[in-house]
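What follows is the content of work16.csv, which has CSV, N, CA, C and O atoms:
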```csv
chain,number,residue,atom,x,y,z
T,41,MET,N,-5.2,-10.3,12.9
T,41,MET,CA,-5.2,-10.5,11.4
T,41,MET,C,-4.0,-11.3,11.0
T,41,MET,O,-3.8,-11.5,9.8
T,42,GLY,N,-3.2,-11.8,11.9
T,42,GLY,CA,-2.1,-12.6,11.5
T,42,GLY,C,-0.9,-11.9,11.0
T,42,GLY,O,0.0,-12.6,10.4
T,43,VAL,N,-0.7,-10.7,11.3
T,43,VAL,CA,0.5,-9.9,10.9
T,43,VAL,C,1.1,-9.3,12.1
T,43,VAL,O,0.4,-9.0,13.1
T,44,LYS,N,2.4,-9.0,12.0
T,44,LYS,CA,3.1,-8.5,13.1
T,44,LYS,C,3.6,-7.1,12.8
T,44,LYS,O,4.2,-6.8,11.7
T,45,PHE,N,3.2,-6.2,13.7
T,45,PHE,CA,3.7,-4.8,13.6
T,45,PHE,C,4.8,-4.5,14.6
T,45,PHE,O,4.6,-5.0,15.8
T,46,LEU,N,5.8,-3.9,14.2
T,46,LEU,CA,6.9,-3.5,15.2
T,46,LEU,C,6.8,-2.0,15.4
T,46,LEU,O,6.4,-1.2,14.5
T,47,ARG,N,7.0,-1.5,16.6
T,47,ARG,CA,6.9,-0.1,17.0
T,47,ARG,C,8.3,0.6,16.9
T,47,ARG,O,9.3,0.0,17.3
T,48,GLN,N,8.2,1.8,16.4
T,48,GLN,CA,9.4,2.7,16.4
T,48,GLN,C,10.6,2.0,15.7
T,48,GLN,O,11.6,1.7,16.3
T,49,ARG,N,10.4,1.6,14.4
T,49,ARG,CA,11.4,0.9,13.7
T,49,ARG,C,12.1,1.8,12.7
T,49,ARG,O,11.5,2.6,12.0
T,50,PRO,N,13.4,1.7,12.6
T,50,PRO,CA,14.1,2.4,11.6
T,50,PRO,C,13.9,1.9,10.1
T,50,PRO,O,13.9,0.7,9.9
T,51,VAL,N,13.6,2.8,9.2
T,51,VAL,CA,13.4,2.5,7.8
T,51,VAL,C,14.1,3.7,7.1
T,51,VAL,O,13.7,4.8,7.3
T,52,LEU,N,15.0,3.3,6.2
T,52,LEU,CA,15.9,4.4,5.6
T,52,LEU,C,16.5,5.2,6.7
T,52,LEU,O,17.0,4.6,7.6
T,53,HIS,N,16.3,6.5,6.6
T,53,HIS,CA,16.8,7.3,7.7
T,53,HIS,C,15.7,7.9,8.5
T,53,HIS,O,15.8,9.0,9.1
T,54,TYR,N,14.6,7.2,8.6
T,54,TYR,CA,13.4,7.6,9.4
T,54,TYR,C,13.1,6.6,10.5
T,54,TYR,O,13.6,5.5,10.4
T,55,ILE,N,12.2,7.0,11.4
T,55,ILE,CA,11.7,6.0,12.4
T,55,ILE,C,10.2,5.9,12.1
T,55,ILE,O,9.5,6.9,12.2
T,56,ALA,N,9.7,4.7,11.8
T,56,ALA,CA,8.3,4.5,11.6
T,56,ALA,C,7.6,4.2,12.9
T,56,ALA,O,8.1,3.5,13.7
T,57,ASP,N,6.5,4.8,13.1
T,57,ASP,CA,5.7,4.6,14.3
T,57,ASP,C,5.4,3.1,14.4
T,57,ASP,O,5.7,2.5,15.5
T,58,PHE,N,4.8,2.6,13.4
T,58,PHE,CA,4.5,1.1,13.3
T,58,PHE,C,4.8,0.6,12.0
T,58,PHE,O,4.4,1.2,11.0
T,59,MET,N,5.5,-0.6,11.9
T,59,MET,CA,5.9,-1.1,10.6
T,59,MET,C,5.6,-2.6,10.6
T,59,MET,O,5.9,-3.3,11.5
T,60,CYS,N,4.9,-3.0,9.5
T,60,CYS,CA,4.8,-4.4,9.2
T,60,CYS,C,5.7,-4.7,8.0
T,60,CYS,O,5.3,-4.3,6.8
T,61,ARG,N,6.8,-5.4,8.2
T,61,ARG,CA,7.7,-5.6,7.1
T,61,ARG,C,7.1,-6.6,6.1
T,61,ARG,O,7.4,-6.4,4.9
T,62,GLU,N,6.4,-7.6,6.6
T,62,GLU,CA,5.8,-8.6,5.7
T,62,GLU,C,4.9,-7.9,4.6
T,62,GLU,O,4.9,-8.3,3.5
T,63,LEU,N,4.1,-6.9,5.0
T,63,LEU,CA,3.2,-6.3,4.1
T,63,LEU,C,3.7,-5.0,3.6
T,63,LEU,O,3.0,-4.3,2.8
T,64,LEU,N,4.9,-4.6,3.9
T,64,LEU,CA,5.5,-3.3,3.5
T,64,LEU,C,4.5,-2.2,3.8
T,64,LEU,O,4.1,-1.4,3.0
T,65,LEU,N,4.0,-2.2,5.1
T,65,LEU,CA,3.0,-1.2,5.5
T,65,LEU,C,3.6,-0.5,6.8
T,65,LEU,O,4.0,-1.1,7.7
T,66,ILE,N,3.4,0.9,6.7
T,66,ILE,CA,3.8,1.7,7.8
T,66,ILE,C,2.6,2.5,8.2
T,66,ILE,O,1.9,3.1,7.4
T,67,ILE,N,2.4,2.6,9.5
T,67,ILE,CA,1.3,3.4,10.1
T,67,ILE,C,1.9,4.5,10.9
T,67,ILE,O,2.7,4.3,11.8
T,68,GLU,N,1.6,5.7,10.6
T,68,GLU,CA,2.1,6.9,11.3
T,68,GLU,C,0.9,7.6,12.1
T,68,GLU,O,-0.2,7.7,11.5
T,69,CYS,N,1.2,7.9,13.3
T,69,CYS,CA,0.2,8.6,14.2
T,69,CYS,C,0.7,10.0,14.4
T,69,CYS,O,1.7,10.2,15.1
T,70,ASP,N,0.1,10.9,13.7
T,70,ASP,CA,0.5,12.3,13.7
T,70,ASP,C,-0.1,13.2,14.8
T,70,ASP,O,-1.3,13.4,14.8
T,71,GLY,N,0.8,13.6,15.7
T,71,GLY,CA,0.4,14.5,16.8
T,71,GLY,C,0.7,16.0,16.4
T,71,GLY,O,0.8,16.3,15.3
T,72,ALA,N,0.8,16.8,17.5
T,72,ALA,CA,0.9,18.2,17.3
T,72,ALA,C,2.2,18.6,16.6
T,72,ALA,O,2.2,19.6,15.9
T,73,SER,N,3.2,17.8,16.7
T,73,SER,CA,4.5,18.1,16.0
T,73,SER,C,4.4,18.2,14.5
T,73,SER,O,5.2,18.7,13.8
T,74,HIS,N,3.3,17.6,14.0
T,74,HIS,CA,3.1,17.5,12.5
T,74,HIS,C,2.3,18.8,12.0
T,74,HIS,O,2.0,18.9,10.9
T,75,LEU,N,2.0,19.7,13.0
T,75,LEU,CA,1.2,20.9,12.6
T,75,LEU,C,2.2,22.1,12.5
T,75,LEU,O,1.7,23.1,12.1
T,76,VAL,N,3.4,22.0,12.9
T,76,VAL,CA,4.3,23.1,12.8
T,76,VAL,C,4.7,23.4,11.4
T,76,VAL,O,4.6,22.5,10.5
T,77,GLU,N,5.2,24.6,11.1
T,77,GLU,CA,5.5,25.0,9.8
T,77,GLU,C,6.6,24.1,9.2
T,77,GLU,O,7.6,23.8,9.8
T,78,GLY,N,6.3,23.7,8.0
T,78,GLY,CA,7.3,22.8,7.3
T,78,GLY,C,7.0,21.3,7.5
T,78,GLY,O,7.6,20.5,6.8
T,79,ALA,N,6.2,21.0,8.5
T,79,ALA,CA,6.0,19.6,8.8
T,79,ALA,C,5.3,18.8,7.7
T,79,ALA,O,5.7,17.7,7.3
T,80,ALA,N,4.4,19.4,7.0
T,80,ALA,CA,3.6,18.8,6.0
T,80,ALA,C,4.5,18.4,4.8
T,80,ALA,O,4.5,17.3,4.2
T,81,GLU,N,5.4,19.3,4.5
T,81,GLU,CA,6.4,19.1,3.4
T,81,GLU,C,7.4,18.0,3.8
T,81,GLU,O,7.7,17.1,2.9
T,82,ARG,N,7.8,17.9,5.0
T,82,ARG,CA,8.7,16.9,5.4
T,82,ARG,C,8.0,15.5,5.4
T,82,ARG,O,8.5,14.5,5.0
T,83,ASP,N,6.7,15.5,5.9
T,83,ASP,CA,5.9,14.3,5.8
T,83,ASP,C,5.7,13.8,4.4
T,83,ASP,O,5.8,12.6,4.1
T,84,GLN,N,5.5,14.7,3.5
T,84,GLN,CA,5.3,14.3,2.1
T,84,GLN,C,6.6,13.7,1.5
T,84,GLN,O,6.5,12.7,0.8
T,85,LYS,N,7.7,14.3,1.8
T,85,LYS,CA,9.0,13.8,1.3
T,85,LYS,C,9.3,12.4,1.9
T,85,LYS,O,9.7,11.5,1.2
T,86,ARG,N,9.0,12.3,3.2
T,86,ARG,CA,9.2,11.0,3.9
T,86,ARG,C,8.3,9.9,3.3
T,86,ARG,O,8.8,8.8,3.0
T,87,ASP,N,7.0,10.2,3.1
T,87,ASP,CA,6.1,9.2,2.5
T,87,ASP,C,6.6,8.8,1.1
T,87,ASP,O,6.6,7.7,0.7
T,88,LYS,N,7.0,9.8,0.3
T,88,LYS,CA,7.5,9.6,-1.1
T,88,LYS,C,8.8,8.7,-1.0
T,88,LYS,O,8.9,7.7,-1.8
T,89,ASP,N,9.7,8.9,-0.1
T,89,ASP,CA,10.9,8.1,0.0
T,89,ASP,C,10.5,6.7,0.4
T,89,ASP,O,11.1,5.7,-0.2
T,90,LEU,N,9.6,6.5,1.3
T,90,LEU,CA,9.2,5.2,1.8
T,90,LEU,C,8.5,4.4,0.7
T,90,LEU,O,8.7,3.2,0.5
T,91,GLU,N,7.6,5.1,0.0
T,91,GLU,CA,6.9,4.5,-1.1
T,91,GLU,C,7.8,4.1,-2.3
T,91,GLU,O,7.5,3.1,-2.9
T,92,ALA,N,8.9,4.8,-2.4
T,92,ALA,CA,9.8,4.5,-3.5
T,92,ALA,C,10.5,3.2,-3.3
T,92,ALA,O,10.9,2.5,-4.2
T,93,ILE,N,10.5,2.7,-2.0
T,93,ILE,CA,11.1,1.4,-1.8
T,93,ILE,C,10.1,0.3,-1.5
T,93,ILE,O,10.3,-0.8,-1.0
T,94,GLY,N,8.8,0.7,-1.8
T,94,GLY,CA,7.7,-0.3,-1.8
T,94,GLY,C,6.7,-0.3,-0.6
T,94,GLY,O,5.8,-1.0,-0.6
T,95,PHE,N,7.0,0.6,0.3
T,95,PHE,CA,6.1,0.7,1.5
T,95,PHE,C,4.8,1.5,1.1
T,95,PHE,O,4.9,2.4,0.3
T,96,LYS,N,3.7,1.1,1.8
T,96,LYS,CA,2.5,1.9,1.8
T,96,LYS,C,2.5,2.6,3.1
T,96,LYS,O,2.7,2.0,4.2
T,97,VAL,N,2.2,3.9,3.1
T,97,VAL,CA,2.2,4.7,4.4
T,97,VAL,C,0.8,5.2,4.7
T,97,VAL,O,0.2,5.8,3.8
T,98,LEU,N,0.3,4.8,5.8
T,98,LEU,CA,-1.0,5.3,6.3
T,98,LEU,C,-0.7,6.3,7.4
T,98,LEU,O,0.0,6.1,8.3
T,99,ARG,N,-1.4,7.5,7.3
T,99,ARG,CA,-1.2,8.5,8.3
T,99,ARG,C,-2.6,8.8,8.9
T,99,ARG,O,-3.6,9.0,8.2
T,100,PHE,N,-2.6,8.9,10.3
T,100,PHE,CA,-3.7,9.2,11.0
T,100,PHE,C,-3.4,10.3,12.0
T,100,PHE,O,-2.4,10.2,12.7
T,101,GLU,N,-4.2,11.3,12.1
T,101,GLU,CA,-4.1,12.3,13.1
T,101,GLU,C,-4.5,11.8,14.4
T,101,GLU,O,-5.4,11.0,14.5
T,102,ASP,N,-3.8,12.2,15.5
T,102,ASP,CA,-4.1,11.7,16.8
T,102,ASP,C,-5.6,11.9,17.1
T,102,ASP,O,-6.2,11.0,17.7
T,103,GLY,N,-6.2,13.0,16.7
T,103,GLY,CA,-7.6,13.2,17.0
T,103,GLY,C,-8.5,12.2,16.4
T,103,GLY,O,-9.5,11.8,17.0
T,104,MET,N,-8.2,11.8,15.2
T,104,MET,CA,-9.0,10.7,14.6
T,104,MET,C,-8.9,9.4,15.3
T,104,MET,O,-9.9,8.7,15.6
T,105,ILE,N,-7.7,9.1,15.7
T,105,ILE,CA,-7.5,7.8,16.5
T,105,ILE,C,-8.2,7.9,17.8
T,105,ILE,O,-8.9,6.9,18.1
T,106,LEU,N,-8.2,9.0,18.5
T,106,LEU,CA,-8.8,9.1,19.8
T,106,LEU,C,-10.3,9.2,19.7
T,106,LEU,O,-11.0,8.7,20.5
T,107,ASN,N,-10.8,9.9,18.7
T,107,ASN,CA,-12.2,10.2,18.6
T,107,ASN,C,-13.0,9.2,17.7
T,107,ASN,O,-14.2,9.1,17.8
T,108,ASP,N,-12.3,8.4,16.8
T,108,ASP,CA,-13.0,7.5,16.0
T,108,ASP,C,-12.1,6.2,15.8
T,108,ASP,O,-11.7,5.9,14.6
T,109,LEU,N,-11.8,5.6,16.9
T,109,LEU,CA,-11.0,4.4,16.8
T,109,LEU,C,-11.5,3.3,15.9
T,109,LEU,O,-10.8,2.7,15.1
T,110,SER,N,-12.8,3.1,15.9
T,110,SER,CA,-13.4,2.1,15.1
T,110,SER,C,-13.2,2.3,13.6
T,110,SER,O,-12.9,1.4,12.8
T,111,LEU,N,-13.3,3.6,13.2
T,111,LEU,CA,-13.0,3.9,11.8
T,111,LEU,C,-11.5,3.8,11.4
T,111,LEU,O,-11.2,3.2,10.4
T,112,THR,N,-10.7,4.2,12.3
T,112,THR,CA,-9.2,4.0,12.2
T,112,THR,C,-8.9,2.6,12.0
T,112,THR,O,-8.2,2.2,11.0
T,113,LEU,N,-9.4,1.7,12.9
T,113,LEU,CA,-9.1,0.3,12.8
T,113,LEU,C,-9.7,-0.3,11.5
T,113,LEU,O,-9.1,-1.2,10.9
T,114,SER,N,-10.9,0.1,11.1
T,114,SER,CA,-11.5,-0.4,9.9
T,114,SER,C,-10.6,-0.1,8.7
T,114,SER,O,-10.4,-0.9,7.8
T,115,ILE,N,-10.1,1.1,8.6
T,115,ILE,CA,-9.2,1.5,7.5
T,115,ILE,C,-7.9,0.6,7.5
T,115,ILE,O,-7.5,0.1,6.5
T,116,ILE,N,-7.3,0.5,8.7
T,116,ILE,CA,-6.1,-0.4,8.8
T,116,ILE,C,-6.4,-1.8,8.3
T,116,ILE,O,-5.7,-2.4,7.6
T,117,GLU,N,-7.5,-2.4,8.8
T,117,GLU,CA,-7.9,-3.7,8.4
T,117,GLU,C,-8.1,-3.9,6.9
T,117,GLU,O,-7.7,-4.9,6.3
T,118,GLN,N,-8.7,-2.9,6.3
T,118,GLN,CA,-9.0,-2.9,4.9
T,118,GLN,C,-7.6,-2.9,4.1
T,118,GLN,O,-7.4,-3.7,3.2
T,119,VAL,N,-6.7,-2.1,4.5
T,119,VAL,CA,-5.4,-2.0,3.9
T,119,VAL,C,-4.6,-3.3,4.1
T,119,VAL,O,-4.0,-3.8,3.2
T,120,ILE,N,-4.7,-3.8,5.3
T,120,ILE,CA,-4.0,-5.1,5.5
T,120,ILE,C,-4.5,-6.2,4.6
T,120,ILE,O,-3.7,-6.9,4.0
T,121,GLU,N,-5.8,-6.3,4.4
T,121,GLU,CA,-6.4,-7.3,3.5
T,121,GLU,C,-5.9,-7.0,2.1
T,121,GLU,O,-5.6,-8.0,1.4
T,122,GLU,N,-5.9,-5.8,1.7
T,122,GLU,CA,-5.5,-5.5,0.3
T,122,GLU,C,-4.0,-5.9,0.1
T,122,GLU,O,-3.6,-6.5,-0.9
T,123,ARG,N,-3.2,-5.5,1.1
T,123,ARG,CA,-1.7,-5.8,1.0
T,123,ARG,C,-1.5,-7.3,1.1
T,123,ARG,O,-0.6,-7.8,0.4
T,124,LYS,N,-2.3,-8.1,1.8
T,124,LYS,CA,-2.1,-9.5,1.9
T,124,LYS,C,-2.3,-10.2,0.5
T,124,LYS,O,-1.6,-11.1,0.2
T,125,THR,N,-3.3,-9.6,-0.2
T,125,THR,CA,-3.5,-10.2,-1.6
T,125,THR,C,-2.6,-9.7,-2.6
T,125,THR,O,-2.4,-10.4,-3.6
T,126,MET,N,-2.0,-8.5,-2.4
T,126,MET,CA,-1.1,-7.9,-3.4
T,126,MET,C,0.3,-8.4,-3.4
T,126,MET,O,1.0,-8.6,-4.4
T,127,LEU,N,0.8,-8.6,-2.2
T,127,LEU,CA,2.3,-8.9,-2.0
T,127,LEU,C,2.6,-10.4,-1.7
T,127,LEU,O,1.9,-11.0,-0.9
T,128,PRO,N,3.6,-10.9,-2.4
T,128,PRO,CA,4.0,-12.2,-2.1
T,128,PRO,C,4.7,-12.2,-0.8
T,128,PRO,O,5.3,-11.2,-0.3
T,129,ARG,N,4.6,-13.3,-0.1
T,129,ARG,CA,5.3,-13.5,1.2
T,129,ARG,C,6.8,-13.2,1.1
T,129,ARG,O,7.4,-13.6,0.1
T,130,GLY,N,7.4,-12.6,2.1
T,130,GLY,CA,8.8,-12.3,2.1
T,130,GLY,C,9.2,-11.3,1.1
T,130,GLY,O,10.3,-11.3,0.6
T,131,SER,N,8.4,-10.3,0.8
T,131,SER,CA,8.7,-9.3,-0.2
T,131,SER,C,9.3,-8.0,0.4
T,131,SER,O,9.3,-7.0,-0.3
T,132,CYS,N,9.8,-8.1,1.6
T,132,CYS,CA,10.4,-6.9,2.2
T,132,CYS,C,11.7,-6.4,1.5
T,132,CYS,O,12.4,-7.3,1.0
T,133,PRO,N,11.9,-5.1,1.5
T,133,PRO,CA,13.1,-4.6,0.9
T,133,PRO,C,14.4,-4.9,1.6
T,133,PRO,O,14.4,-5.2,2.8
```
Whole structure, structure tokens version:
Amino acid sequence: MGVKFLRQRPVLHYIADFMCRELLLIIECDGASHLVEGAAERDQKRDKDLEAIGFKVLRFEDGMILNDLSLTLSIIEQVIEERKTMLPRGSCP
């Protein structure tokens, strides 16, 4: 789709699983570590912090990625198209 994602990139004091700086888009792949007590609250704070500086955060559970890859990719493609029309080029923080 003509955009570049970087893997395991630092943003603020977090590490994003996948980040497209051009579109201010972060994709998180949530495995078992996101099911432990307190993880949901930490994820919400992280998403809020990242959204406060302009990023859109997409979260996918590992099970969804493994069991319905076509749906996962469809959602990502839709958000990429939306972000391409919303953001001017070079709009990274």
Exercise for the section: Tell me, in Å to one decimal, how far CA of Lys96 (chain T) is from atom C of Thr125 (chain T). Expected result: 13.4 Å
Exercise for the section: Enter the distance from CA of Tyr54 (chain T) to atom O of Glu101 (chain T), in Å, rounded to one decimal. Expected result: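 Taking CA of Tyr54 (chain T) and atom O of Glu101 (chain T), their separation equals 19.8 Å.
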Exercise for the section: Anything within 4.5 Å of (-0.9, 7.6, 11.5): list those residues as a PyMOL selection string, counting only N, CA, C and O atoms and sticking to the file's coordinates. Expected result: chain T and resi 67-70+98-100
Practice task
From region 57-95 of chain T, collect each residue whose DSSP state is strand (DSSP E) and return the set as a ChimeraX atom specification.
Solution key: /T:57-60,65-70
Exercise for the section: Using all atoms listed in the file, pick whichever of T:Phe95, T:Met104, T:Gly78, T:Leu113 has the shortest atom-to-atom distance to Leu63 (chain T). Expected result: T:Phe95
Exercise for the section: Could you check how far CA of Leu90 (chain T) sits from CA of Gln48 (chain T), in Å to one decimal? Expected result: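 A separation of 14.8 Å between them.
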Problem - alpha helix (DSSP H) residues, from DSSP on the backbone, in chain T, as an NGL selection string - result: :T and (79-92 or 102-107 or 109-126)
Supply region 85-96 of chain T as a tab-separated table (two decimals), keeping the file's coordinate frame, with all heavy atoms built in where the input has gaps.
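Contents of out02.tsv, as written:
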```tsv
chain	number	residue	atom	x	y	z
T	85	LYS	N	7.70	14.30	1.80
T	85	LYS	CA	9.00	13.80	1.30
T	85	LYS	C	9.30	12.40	1.90
T	85	LYS	O	9.70	11.50	1.20
T	85	LYS	CB	10.17	14.70	1.66
T	85	LYS	CG	11.50	14.13	1.17
T	85	LYS	CD	12.64	15.03	1.40
T	85	LYS	CE	13.97	14.51	0.91
T	85	LYS	NZ	14.11	13.12	0.58
T	86	ARG	N	9.00	12.30	3.20
T	86	ARG	CA	9.20	11.00	3.90
T	86	ARG	C	8.30	9.90	3.30
T	86	ARG	O	8.80	8.80	3.00
T	86	ARG	CB	8.83	11.18	5.37
T	86	ARG	CG	8.80	9.95	6.20
T	86	ARG	CD	8.21	10.32	7.56
T	86	ARG	NE	8.01	9.16	8.38
T	86	ARG	CZ	8.66	8.91	9.50
T	86	ARG	NH1	9.56	9.75	9.95
T	86	ARG	NH2	8.41	7.82	10.18
T	87	ASP	N	7.00	10.20	3.10
T	87	ASP	CA	6.10	9.20	2.50
T	87	ASP	C	6.60	8.80	1.10
T	87	ASP	O	6.60	7.70	0.70
T	87	ASP	CB	4.71	9.78	2.40
T	87	ASP	CG	4.09	9.93	3.78
T	87	ASP	OD1	4.70	9.52	4.78
T	87	ASP	OD2	2.97	10.49	3.84
T	88	LYS	N	7.00	9.80	0.30
T	88	LYS	CA	7.50	9.60	-1.10
T	88	LYS	C	8.80	8.70	-1.00
T	88	LYS	O	8.90	7.70	-1.80
T	88	LYS	CB	7.84	10.88	-1.78
T	88	LYS	CG	8.24	10.73	-3.20
T	88	LYS	CD	8.48	12.10	-3.85
T	88	LYS	CE	9.00	11.94	-5.26
T	88	LYS	NZ	9.31	13.24	-5.87
T	89	ASP	N	9.70	8.90	-0.10
T	89	ASP	CA	10.90	8.10	0.00
T	89	ASP	C	10.50	6.70	0.40
T	89	ASP	O	11.10	5.70	-0.20
T	89	ASP	CB	11.85	8.70	1.04
T	89	ASP	CG	12.48	10.01	0.62
T	89	ASP	OD1	12.39	10.38	-0.57
T	89	ASP	OD2	13.06	10.69	1.51
T	90	LEU	N	9.60	6.50	1.30
T	90	LEU	CA	9.20	5.20	1.80
T	90	LEU	C	8.50	4.40	0.70
T	90	LEU	O	8.70	3.20	0.50
T	90	LEU	CB	8.44	5.27	3.06
T	90	LEU	CG	9.24	5.77	4.27
T	90	LEU	CD1	8.32	6.11	5.42
T	90	LEU	CD2	10.29	4.76	4.69
T	91	GLU	N	7.60	5.10	0.00
T	91	GLU	CA	6.90	4.50	-1.10
T	91	GLU	C	7.80	4.10	-2.30
T	91	GLU	O	7.50	3.10	-2.90
T	91	GLU	CB	5.74	5.45	-1.57
T	91	GLU	CG	4.62	5.55	-0.53
T	91	GLU	CD	3.63	6.66	-0.79
T	91	GLU	OE1	3.79	7.42	-1.78
T	91	GLU	OE2	2.68	6.78	0.02
T	92	ALA	N	8.90	4.80	-2.40
T	92	ALA	CA	9.80	4.50	-3.50
T	92	ALA	C	10.50	3.20	-3.30
T	92	ALA	O	10.90	2.50	-4.20
T	92	ALA	CB	10.87	5.61	-3.62
T	93	ILE	N	10.50	2.70	-2.00
T	93	ILE	CA	11.10	1.40	-1.80
T	93	ILE	C	10.10	0.30	-1.50
T	93	ILE	O	10.30	-0.80	-1.00
T	93	ILE	CB	12.18	1.41	-0.63
T	93	ILE	CG1	11.57	1.85	0.70
T	93	ILE	CG2	13.36	2.30	-1.01
T	93	ILE	CD1	12.47	1.61	1.90
T	94	GLY	N	8.80	0.70	-1.80
T	94	GLY	CA	7.70	-0.30	-1.80
T	94	GLY	C	6.70	-0.30	-0.60
T	94	GLY	O	5.80	-1.00	-0.60
T	95	PHE	N	7.00	0.60	0.30
T	95	PHE	CA	6.10	0.70	1.50
T	95	PHE	C	4.80	1.50	1.10
T	95	PHE	O	4.90	2.40	0.30
T	95	PHE	CB	6.75	1.40	2.68
T	95	PHE	CG	7.65	0.48	3.45
T	95	PHE	CD1	9.00	0.41	3.16
T	95	PHE	CD2	7.15	-0.31	4.47
T	95	PHE	CE1	9.83	-0.43	3.86
T	95	PHE	CE2	7.98	-1.17	5.18
T	95	PHE	CZ	9.32	-1.23	4.88
T	96	LYS	N	3.70	1.10	1.80
T	96	LYS	CA	2.50	1.90	1.80
T	96	LYS	C	2.50	2.60	3.10
T	96	LYS	O	2.70	2.00	4.20
T	96	LYS	CB	1.27	1.05	1.63
T	96	LYS	CG	-0.03	1.75	1.93
T	96	LYS	CD	-0.98	1.61	0.80
T	96	LYS	CE	-2.28	2.32	1.09
T	96	LYS	NZ	-2.45	3.49	0.30
```
